[in-house]
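Enquirer: I'd like to ask some things about the structure below.
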Amino acid sequence: MTATMSEPVHHRGSCLCGSVRFETTAPLQAASHCHCSMCRKAHGAAFGSYGSVRAEHHRFVQGQDHVRAYRSSAQVTRSFCAVCGSPLLWHSEAAHADWVAVPLGTLDTPYETPPQKHIFVASKAPWVVICDGYPQQAEG
């Protein structure tokens with residue numbers, strides 16, 4: 001995913017070890033907190049939090065040779081750092097081909113949240129109680 005270098009940077013992010021760095025040249029849109037079992041496992045957490053941006057507005061600016069992709073389902077590819085394992089991108093070629101989702105925890109710049117929602121709450125970890133008031137969807 002690349003963008004032209006003349007576009008303004010809205011967000012910068014990196015992996016845990018700092019090997020991979022990225023930028024977005026547009027504001028992140030719709031934030032989702034995904035409770036599906038794959039996002040929980042990929043993040044090692046109760047849910048994965050993502051902000052979406054059109055693919056042409058995302059670019060790796062360092063360490064692209066460390067980025068690996070894993071096809072977690074027939075429709076979804078997850079990218080991560082091969083050095084530290086940090087999740088870097090979520091992409092669905094079927095449902096959202098022109099968009100990528102950036103894990104919000106990888107951002108190094110302040111993030112002003114757009115509307116947020118919880119998705120796949122029918123699959124949430126039984127020990128999680130959602131009480132933030134954001135909309136909840138049983139599926140995606």
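Scheme for the structure tokens: letters A, B, ... for chains in order shown; per-chain residue numbers from 1; ligand numbers from 1 in order shown.
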Determine which residues of chain A receive a DSSP assignment of strand (DSSP E), computed from the backbone, and state them as a PyMOL selection string.

Expert: chain A and resi 11-14+21-24+29-34+48-54+58-62+67-71+76-81+87-92+99-103+116-119

Enquirer: Taking only C-alpha atoms into account, which of A:Pro8, A:Gly63, A:Pro27, A:Gly105 comes nearest Cys81 (chain A)?

Expert: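 Selected residue with least distance to Cys81 (chain A): A:Gly63.
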
Enquirer: Rounded to one decimal in Å, what is the spacing between CA of Ala82 (chain A) and CA of Tyr50 (chain A)?

Expert: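 Rounded to one decimal, the two atoms are 20.0 Å apart.
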
Enquirer: So that I can see what lies close to Phe80 (chain A), please list as a list in words the residues with an atom at most 6 Å from it, counting only C-alpha atoms and leaving out residues fewer than 6 positions away in the same chain.

Expert: Val67, Arg68, Ser86, Pro87 and Leu88 of chain A

Enquirer: Extract, using only C-alpha atoms, all DNA, RNA and protein residues at most 10 Å from Val121 (chain A), discarding same-chain residues fewer than 2 positions from it, and format them as a list in words.

Expert: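 The residues that qualify are His33, Cys34, His35, Cys36, Phe47, His118, Ile119, Ser123, Lys124, Ala125, Val128, Ile130, Gln136, Gln137, Ala138, Glu139 and Gly140 of chain A.
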
Enquirer: Tell me which protein, DNA and RNA residues are within 9 Å of Val100 (chain A), counting only C-alpha atoms, leaving out same-chain ones fewer than 6 positions away, and put them as a list of chain:residue names.

Expert: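 Skipping anything fewer than 6 positions along the chain leaves A:Met1, A:Gly51, A:Ser52, A:Val53, A:Arg54, A:Ala55, A:His58, A:Leu89, A:Trp90, A:His91, A:Ser92.
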
Enquirer: Kindly give the distance, in Å, that separates CA of Met38 (chain A) and CA of Pro115 (chain A), rounded to a single decimal.

Expert: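 Separating CA of Met38 (chain A) from CA of Pro115 (chain A) is a distance of 23.0 Å.
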
Enquirer: Nearest to Glu93 (chain A) among A:Gln64, A:Thr106, A:Thr24, A:Gln75, with distances taken over only C-alpha atoms: which residue is it?

Expert: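 Closest candidate: A:Gln75.
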
Enquirer: What are the DSSP alpha helix (DSSP H) residues of chain A, as a list in words?

Expert: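 Assigned to alpha helix (DSSP H), within chain A: Ser37, Met38, Cys39, Arg40, Lys41, Ala42 and His43 of chain A.
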
Enquirer: Create the file for the chosen residues now, containing N, CA, C and O atoms and written as a JSON list (two decimals), in the first residue's frame.

Expert:
[["chain", "number", "residue", "atom", "x", "y", "z"],
["A", 37, "SER", "N", -12.89, -14.27, 17.31],
["A", 37, "SER", "CA", -11.80, -15.05, 17.89],
["A", 37, "SER", "C", -10.48, -14.83, 17.15],
["A", 37, "SER", "O", -9.41, -14.87, 17.76],
["A", 38, "MET", "N", -10.51, -14.56, 15.85],
["A", 38, "MET", "CA", -9.27, -14.33, 15.11],
["A", 38, "MET", "C", -8.60, -13.02, 15.54],
["A", 38, "MET", "O", -7.39, -12.98, 15.72],
["A", 39, "CYS", "N", -9.38, -11.96, 15.72],
["A", 39, "CYS", "CA", -8.79, -10.69, 16.16],
["A", 39, "CYS", "C", -8.28, -10.81, 17.59],
["A", 39, "CYS", "O", -7.22, -10.27, 17.92],
["A", 40, "ARG", "N", -9.00, -11.53, 18.43],
["A", 40, "ARG", "CA", -8.52, -11.73, 19.80],
["A", 40, "ARG", "C", -7.17, -12.44, 19.79],
["A", 40, "ARG", "O", -6.25, -12.07, 20.50],
["A", 41, "LYS", "N", -7.05, -13.49, 18.98],
["A", 41, "LYS", "CA", -5.79, -14.23, 18.92],
["A", 41, "LYS", "C", -4.67, -13.40, 18.28],
["A", 41, "LYS", "O", -3.53, -13.41, 18.74],
["A", 42, "ALA", "N", -4.98, -12.68, 17.21],
["A", 42, "ALA", "CA", -3.97, -11.87, 16.52],
["A", 42, "ALA", "C", -3.42, -10.76, 17.42],
["A", 42, "ALA", "O", -2.25, -10.40, 17.32],
["A", 43, "HIS", "N", -4.25, -10.24, 18.30],
["A", 43, "HIS", "CA", -3.83, -9.16, 19.19],
["A", 43, "HIS", "C", -3.43, -9.64, 20.58],
["A", 43, "HIS", "O", -2.85, -8.87, 21.35]]
